[in-house]
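> Below is query_10.txt; it holds compact mmCIF, C-alpha atoms.
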# COMPACT_ATOMS: atom_id res chain seq x y z
CA MET P 1 80.71 44.50 172.22
CA PRO P 2 77.96 46.80 170.92
CA PHE P 3 77.07 49.92 172.89
CA GLY P 4 74.54 52.08 171.07
CA ALA P 5 76.21 53.65 168.02
CA TYR P 6 79.63 52.35 169.12
CA ALA P 7 81.59 49.14 169.33
CA LEU P 8 83.49 48.77 172.61
CA LEU P 9 86.92 47.38 171.73
CA LYS P 10 88.56 46.97 175.13
CA SER P 11 88.37 48.17 178.70
CA LEU P 12 90.80 50.94 179.63
CA GLY P 13 89.91 50.94 183.32
CA GLN P 14 87.47 51.88 186.03
CA GLY P 15 87.04 55.21 187.73
CA ALA P 16 85.11 56.32 190.77
CA MET P 17 82.07 57.23 188.65
CA GLY P 18 82.29 54.83 185.74
CA ASP P 19 84.20 52.65 183.36
CA ILE P 20 86.29 53.65 180.39
CA HIS P 21 86.54 51.83 177.06
CA LEU P 22 88.42 52.15 173.83
CA ALA P 23 85.75 52.17 171.13
CA ARG P 24 84.91 53.02 167.55
CA PRO P 25 81.75 54.43 165.99
CA TYR P 26 79.80 52.15 163.70
CA ASN P 27 79.10 55.08 161.35
CA VAL P 28 82.34 56.94 160.63
CA ARG P 29 80.43 59.51 158.58
CA ARG P 30 79.15 61.09 161.82
CA GLY P 31 82.52 62.88 161.96
CA ILE P 32 83.75 61.06 165.04
CA PRO P 33 87.29 59.73 164.56
CA THR P 34 88.38 56.24 165.47
CA PRO P 35 89.42 55.09 167.95
CA ILE P 36 87.70 57.07 170.68
CA VAL P 37 87.18 56.70 174.42
CA ILE P 38 83.78 56.13 175.97
CA LYS P 39 83.31 56.96 179.64
CA ARG P 40 80.16 55.37 181.08
CA LEU P 41 78.51 56.18 184.39
CA HIS P 42 78.28 53.12 186.68
CA GLY P 43 74.77 51.65 186.51
CA GLU P 44 74.13 51.89 190.25
CA LEU P 45 75.00 55.61 190.16
CA ALA P 46 72.49 56.34 187.37
CA SER P 47 69.68 56.25 189.95
CA ASN P 48 71.47 58.78 192.17
CA PRO P 49 70.48 62.32 191.11
CA ASP P 50 73.69 63.83 192.54
CA PHE P 51 75.94 61.55 190.48
CA VAL P 52 73.83 62.07 187.35
CA ARG P 53 74.03 65.84 187.86
CA ARG P 54 77.83 65.67 188.29
CA PHE P 55 78.21 63.47 185.21
CA LYS P 56 76.05 65.79 183.09
CA HIS P 57 77.91 68.83 184.45
CA GLU P 58 81.25 67.24 183.48
CA ALA P 59 79.86 66.59 180.00
CA GLU P 60 78.57 70.16 179.65
CA ILE P 61 81.96 71.55 180.62
CA ALA P 62 83.84 69.19 178.33
CA VAL P 63 81.70 70.07 175.32
CA SER P 64 82.28 73.79 175.88
CA VAL P 65 86.09 73.53 175.98
CA ASP P 66 87.99 73.73 172.71
CA SER P 67 91.72 73.41 173.29
CA PRO P 68 94.47 71.23 171.81
CA HIS P 69 95.49 70.62 175.44
CA VAL P 70 92.16 69.14 176.60
CA ALA P 71 90.78 65.86 175.25
CA LYS P 72 87.93 66.77 172.88
CA VAL P 73 84.40 65.55 173.58
CA TYR P 74 82.44 64.32 170.55
CA ASP P 75 79.18 62.97 171.94
CA VAL P 76 77.16 62.83 175.15
CA GLY P 77 74.10 60.68 175.62
CA ALA P 78 72.50 57.57 177.04
CA VAL P 79 72.14 53.99 175.93
CA GLY P 80 69.19 52.68 177.89
CA GLU P 81 69.86 53.82 181.46
CA THR P 82 73.63 54.15 180.92
CA LEU P 83 74.92 57.71 180.53
CA TYR P 84 78.10 58.17 178.50
CA ILE P 85 80.60 60.68 177.16
CA THR P 86 82.53 59.99 173.95
CA MET P 87 85.89 61.71 173.77
CA GLU P 88 89.19 61.92 171.95
CA TYR P 89 91.57 59.01 172.36
CA VAL P 90 95.00 60.41 173.19
CA ASN P 91 97.53 57.97 171.81
CA GLY P 92 100.39 58.28 174.25
CA TRP P 93 101.23 57.85 177.91
CA PRO P 94 99.99 59.23 181.19
CA VAL P 95 102.59 61.48 182.83
CA SER P 96 102.88 58.85 185.58
CA LYS P 97 104.30 56.34 183.02
CA PHE P 98 106.48 59.04 181.47
CA ILE P 99 108.01 59.80 184.90
CA GLU P 100 108.54 56.07 185.58
CA ALA P 101 110.30 55.66 182.22
CA VAL P 102 112.62 58.61 182.87
CA ILE P 103 113.52 57.27 186.33
CA ALA P 104 114.05 53.73 184.98
CA SER P 105 116.35 55.04 182.25
CA GLY P 106 118.74 56.44 184.83
CA HIS P 107 118.95 59.67 182.84
CA HIS P 108 117.62 63.13 183.48
CA ALA P 109 114.79 64.51 181.41
CA ASN P 110 115.49 67.41 179.11
CA ILE P 111 114.47 70.58 180.98
CA SER P 112 113.11 72.37 177.89
CA ALA P 113 110.96 69.31 177.05
CA ILE P 114 109.61 69.25 180.61
CA VAL P 115 108.86 72.99 180.47
CA ASP P 116 106.98 72.45 177.17
CA LEU P 117 104.94 69.62 178.72
CA ILE P 118 104.08 71.63 181.82
CA ALA P 119 103.15 74.63 179.66
CA GLY P 120 100.77 72.40 177.67
CA GLY P 121 99.13 71.19 180.88
CA LEU P 122 98.76 74.77 182.07
CA ARG P 123 97.22 75.80 178.74
CA GLY P 124 94.69 73.00 179.20
CA LEU P 125 93.89 74.19 182.72
CA THR P 126 93.55 77.75 181.44
CA ALA P 127 91.07 76.57 178.80
CA LEU P 128 89.04 74.79 181.51
CA HIS P 129 89.10 77.77 183.87
CA GLU P 130 88.04 80.15 181.08
CA ALA P 131 85.21 77.87 179.84
CA LYS P 132 81.88 79.63 179.37
CA ASP P 133 78.33 78.33 179.11
CA VAL P 134 77.61 78.01 175.38
CA ARG P 135 74.07 79.38 175.83
CA THR P 136 74.64 82.30 178.20
CA GLY P 137 78.32 83.12 177.80
CA GLN P 138 78.69 83.09 181.58
CA PRO P 139 81.84 81.56 183.13
CA LEU P 140 81.32 77.96 184.25
CA GLY P 141 83.69 78.30 187.21
CA VAL P 142 85.44 75.02 186.49
CA VAL P 143 87.82 73.49 189.01
CA HIS P 144 89.28 70.18 187.72
CA ARG P 145 89.70 68.65 191.22
CA ASP P 146 91.80 65.71 189.99
CA ILE P 147 94.95 67.07 188.40
CA SER P 148 97.29 64.13 188.77
CA PRO P 149 99.82 62.28 186.61
CA LYS P 150 97.13 59.77 185.55
CA ASN P 151 94.94 62.58 184.14
CA LEU P 152 97.70 64.28 182.16
CA MET P 153 98.52 62.52 178.91
CA VAL P 154 101.65 63.01 176.83
CA GLY P 155 100.53 62.35 173.27
CA GLU P 156 102.76 60.73 170.67
CA ASP P 157 102.92 64.22 169.17
CA GLY P 158 104.63 65.41 172.39
CA ALA P 159 101.72 67.62 173.48
CA MET P 160 100.27 67.42 176.98
CA ARG P 161 96.50 67.00 177.24
CA LEU P 162 94.17 67.00 180.21
CA ILE P 163 91.76 64.11 180.35
CA ASP P 164 88.86 63.23 182.69
For this file, produce the structure as C-alpha cells.


Amino acid sequence: MPFGAYALLKSLGQGAMGDIHLARPYNVRRGIPTPIVIKRLHGELASNPDFVRRFKHEAEIAVSVDSPHVAKVYDVGAVGETLYITMEYVNGWPVSKFIEAVIASGHHANISAIVDLIAGGLRGLTALHEAKDVRTGQPLGVVHRDISPKNLMVGEDGAMRLID
C-alpha cells in the first residue's frame, strides 16, 4: 500500500500512539535502506496538540541520537494529516521472545551473552540520556518511560537495540 514516498509492506502492530509497518522506500537513492519501519500517529490523535507535540518530541530526540544500540531514525514528516517517523528495521527478536525461547528450551542462557546484551541495552540508554539538541547543544533530558522486553530488540548480529 502506498504511503507518501514509501510502500507499506505489512503491519507490525499497534501502539498507544500509532501503528507500525514494515515498509520500503520507493526511491532507494535517498540513502534509506530497505526494509525500514514506519511509525504513524493515529489519525484521531493528529488533532490533539498534546499528542502531536509528544510525537514530534520523540522524533526530535530520535534524530539526535546516534548509537549502534538505538534504532536509527531516517525520516520524519507527514503524509496528508498523518505524521510519521521512518526508522531502522532491526532484524531479530524482542527480548520478550528471546526470554520465552530460553525458558522453552529448558536450558540456561549463557551468562556472558546475557551480560553483553544488557550492556548493549545500557549503552543505548546512555546514548538517549546524553542526547543533546542539535541546534543548541543543550541536553534534551530524555527519559525513555517504556523500557520493557518488547522495546529491546536482539538483532541477528547479537546486539541489543532500543526501539520506540

> Given only C-alpha atoms, how would the per-residue table for range 55-155 of chain P near range 1-18 of chain P read, listing every residue at most 12 Å away with its closest atom pair and distance in Å to one decimal, sorted by chain and number, as CSV?


residue,atom,partner,partner_atom,distance
P:Phe55,CA,P:Met17,CA,8.1
P:Lys56,CA,P:Met17,CA,11.9
P:Glu58,CA,P:Met17,CA,11.3
P:Asp75,CA,P:Ala5,CA,10.5
P:Val76,CA,P:Ala5,CA,11.7
P:Gly77,CA,P:Gly4,CA,9.7
P:Ala78,CA,P:Gly4,CA,8.4
P:Val79,CA,P:Gly4,CA,5.7
P:Gly80,CA,P:Gly4,CA,8.7
P:Glu81,CA,P:Gly4,CA,11.5
P:Thr82,CA,P:Phe3,CA,9.7
P:Leu83,CA,P:Gly18,CA,9.5
P:Tyr84,CA,P:Gly18,CA,9.0
P:Ile85,CA,P:Gly18,CA,10.5
P:Thr86,CA,P:Tyr6,CA,9.5
P:Tyr89,CA,P:Leu12,CA,10.9
P:Asp146,CA,P:Ala16,CA,11.6
P:Lys150,CA,P:Gly15,CA,11.3
P:Asn151,CA,P:Gly15,CA,11.4

> If we count all atoms listed in the file and set the cut-off at 9 Å, which residues sit around Ala127 in chain P, ignoring sequence neighbours fewer than 2 positions away in its own chain? Please answer as a count of residues only.

12

> Could you jot down the CA of Asp164 in chain P to CA of Glu60 in chain P separation for me, Å, one decimal place?

12.8 Å

> CA of Ile61 in chain P and CA of Met87 in chain P are how many Å apart?

12.6 Å

> Step by step, gather every atom of range 99-110 of chain P that the file lists, find the box along x, y and z that holds them, add 5 Å on each side, and finally give centre and edge lengths in Å to one decimal, as lines of an AutoDock Vina configuration file.


center_x = 113.5
center_y = 60.6
center_z = 182.7
size_x = 20.9
size_y = 23.7
size_z = 17.2

> Can you list, as a list in words, every protein, DNA or RNA residue that comes within 9 Å of Pro68 in chain P when you count all atoms listed in the file, leaving out same-chain residues fewer than 3 positions away?

Ala71, Lys72, Gly120, Arg123, Gly124, Ala159, Met160 and Arg161 of chain P

> Can you pull out every residue within 9 Å of Pro94 in chain P, counting all atoms listed in the file, but drop anything in the same chain fewer than 2 positions away, and send it as a list in words?

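Residues meeting the cut-off are Gly92, Ser96, Lys97, Phe98, Ile99, Pro149, Lys150, Asn151, Leu152, Met153, Val154 and Gly155 of chain P.
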
> Which is closer to Gly158 in chain P than all the others in P:Ser105, P:Thr34, P:Val142, P:Val90, using all atoms listed in the file?

P:Val90

> Go through P:Arg40, P:Glu156, P:Ala23, P:Arg29 one by one, measure the shortest atom-to-atom distance of each to Trp93 in chain P using all atoms listed in the file, and give the residue with the smallest value.

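That would be P:Glu156, the residue with the smallest distance to Trp93 in chain P.
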
> Between CA of Ile38 in chain P and CA of Val73 in chain P, what is the spacing in Å?

9.7 Å

> Please determine, counting all atoms listed in the file, which residue among P:Ser148, P:Asn48, P:Asn27, P:Ser64 has the shortest atom-to-atom distance to Thr136 in chain P.

P:Ser64

> Do you know which residues are at most 9 Å from Pro35 in chain P counting all atoms listed in the file, after dropping those on the same chain fewer than 2 positions away, and could you put them as a VMD selection string?

chain P and resid 9 22 to 25 32 to 33 37 88 to 89

> So that I have them on file, write out the residues from the current selection with C-alpha atoms, as a JSON list (two decimals), keeping the file's coordinate frame.


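What ended up in out.json:
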[["chain", "number", "residue", "atom", "x", "y", "z"],
["P", 9, "LEU", "CA", 86.92, 47.38, 171.73],
["P", 22, "LEU", "CA", 88.42, 52.15, 173.83],
["P", 23, "ALA", "CA", 85.75, 52.17, 171.13],
["P", 24, "ARG", "CA", 84.91, 53.02, 167.55],
["P", 25, "PRO", "CA", 81.75, 54.43, 165.99],
["P", 32, "ILE", "CA", 83.75, 61.06, 165.04],
["P", 33, "PRO", "CA", 87.29, 59.73, 164.56],
["P", 37, "VAL", "CA", 87.18, 56.70, 174.42],
["P", 88, "GLU", "CA", 89.19, 61.92, 171.95],
["P", 89, "TYR", "CA", 91.57, 59.01, 172.36]]

> For Leu140 in chain P, which residue among P:Tyr74, P:Ser112, P:Leu162, P:His57 is the nearest when counting all atoms listed in the file?

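Distance minimum relative to Leu140 in chain P lands on P:His57.
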
> Please return range 133-158 of chain P, rebuilt to N, CA and C atoms, as an mmCIF file, in the coordinates of the input.


data_model
loop_
_atom_site.group_PDB
_atom_site.id
_atom_site.type_symbol
_atom_site.label_atom_id
_atom_site.label_comp_id
_atom_site.auth_asym_id
_atom_site.auth_seq_id
_atom_site.Cartn_x
_atom_site.Cartn_y
_atom_site.Cartn_z
ATOM 1 N N ASP P 133 79.567 78.998 179.503
ATOM 2 C CA ASP P 133 78.330 78.330 179.110
ATOM 3 C C ASP P 133 78.041 78.722 177.664
ATOM 4 N N VAL P 134 77.821 77.725 176.799
ATOM 5 C CA VAL P 134 77.610 78.010 175.380
ATOM 6 C C VAL P 134 76.314 78.775 175.121
ATOM 7 N N ARG P 135 75.343 78.678 176.024
ATOM 8 C CA ARG P 135 74.070 79.380 175.830
ATOM 9 C C ARG P 135 74.118 80.812 176.357
ATOM 10 N N THR P 136 74.701 80.994 177.551
ATOM 11 C CA THR P 136 74.640 82.300 178.200
ATOM 12 C C THR P 136 75.933 83.106 178.107
ATOM 13 N N GLY P 137 77.037 82.435 177.831
ATOM 14 C CA GLY P 137 78.320 83.120 177.800
ATOM 15 C C GLY P 137 78.903 83.374 179.178
ATOM 16 N N GLN P 138 78.222 82.900 180.209
ATOM 17 C CA GLN P 138 78.690 83.090 181.580
ATOM 18 C C GLN P 138 79.797 82.080 181.904
ATOM 19 N N PRO P 139 80.782 82.493 182.720
ATOM 20 C CA PRO P 139 81.840 81.560 183.130
ATOM 21 C C PRO P 139 81.245 80.354 183.861
ATOM 22 N N LEU P 140 81.799 79.178 183.599
ATOM 23 C CA LEU P 140 81.320 77.960 184.250
ATOM 24 C C LEU P 140 81.958 77.750 185.625
ATOM 25 N N GLY P 141 83.040 78.438 185.902
ATOM 26 C CA GLY P 141 83.690 78.300 187.210
ATOM 27 C C GLY P 141 84.278 76.925 187.436
ATOM 28 N N VAL P 142 84.928 76.384 186.426
ATOM 29 C CA VAL P 142 85.440 75.020 186.490
ATOM 30 C C VAL P 142 86.662 74.926 187.406
ATOM 31 N N VAL P 143 86.652 73.900 188.238
ATOM 32 C CA VAL P 143 87.820 73.490 189.010
ATOM 33 C C VAL P 143 87.972 72.000 188.717
ATOM 34 N N HIS P 144 89.107 71.570 188.165
ATOM 35 C CA HIS P 144 89.280 70.180 187.720
ATOM 36 C C HIS P 144 89.169 69.192 188.878
ATOM 37 N N ARG P 145 89.760 69.450 189.998
ATOM 38 C CA ARG P 145 89.700 68.650 191.220
ATOM 39 C C ARG P 145 90.419 67.314 191.164
ATOM 40 N N ASP P 146 91.053 66.980 190.050
ATOM 41 C CA ASP P 146 91.800 65.710 189.990
ATOM 42 C C ASP P 146 92.990 65.839 189.046
ATOM 43 N N ILE P 147 93.735 66.940 189.192
ATOM 44 C CA ILE P 147 94.950 67.070 188.400
ATOM 45 C C ILE P 147 95.977 66.143 189.025
ATOM 46 N N SER P 148 96.328 65.121 188.292
ATOM 47 C CA SER P 148 97.290 64.130 188.770
ATOM 48 C C SER P 148 97.972 63.524 187.555
ATOM 49 N N PRO P 149 99.103 62.858 187.751
ATOM 50 C CA PRO P 149 99.820 62.280 186.610
ATOM 51 C C PRO P 149 98.985 61.316 185.760
ATOM 52 N N LYS P 150 97.959 60.691 186.348
ATOM 53 C CA LYS P 150 97.130 59.770 185.550
ATOM 54 C C LYS P 150 96.145 60.518 184.648
ATOM 55 N N ASN P 151 95.880 61.793 184.939
ATOM 56 C CA ASN P 151 94.940 62.580 184.140
ATOM 57 C C ASN P 151 95.621 63.599 183.242
ATOM 58 N N LEU P 152 96.923 63.460 183.100
ATOM 59 C CA LEU P 152 97.700 64.280 182.160
ATOM 60 C C LEU P 152 98.351 63.313 181.187
ATOM 61 N N MET P 153 98.000 63.435 179.926
ATOM 62 C CA MET P 153 98.520 62.520 178.910
ATOM 63 C C MET P 153 99.549 63.228 178.028
ATOM 64 N N VAL P 154 100.662 62.537 177.791
ATOM 65 C CA VAL P 154 101.650 63.010 176.830
ATOM 66 C C VAL P 154 101.357 62.253 175.542
ATOM 67 N N GLY P 155 100.858 62.973 174.537
ATOM 68 C CA GLY P 155 100.530 62.350 173.270
ATOM 69 C C GLY P 155 101.783 61.981 172.490
ATOM 70 N N GLU P 156 101.629 61.078 171.525
ATOM 71 C CA GLU P 156 102.760 60.730 170.670
ATOM 72 C C GLU P 156 103.307 61.941 169.940
ATOM 73 N N ASP P 157 102.475 62.980 169.820
ATOM 74 C CA ASP P 157 102.920 64.220 169.170
ATOM 75 C C ASP P 157 103.717 65.105 170.137
ATOM 76 N N GLY P 158 103.871 64.672 171.394
ATOM 77 C CA GLY P 158 104.630 65.410 172.390
ATOM 78 C C GLY P 158 103.829 66.440 173.145
#
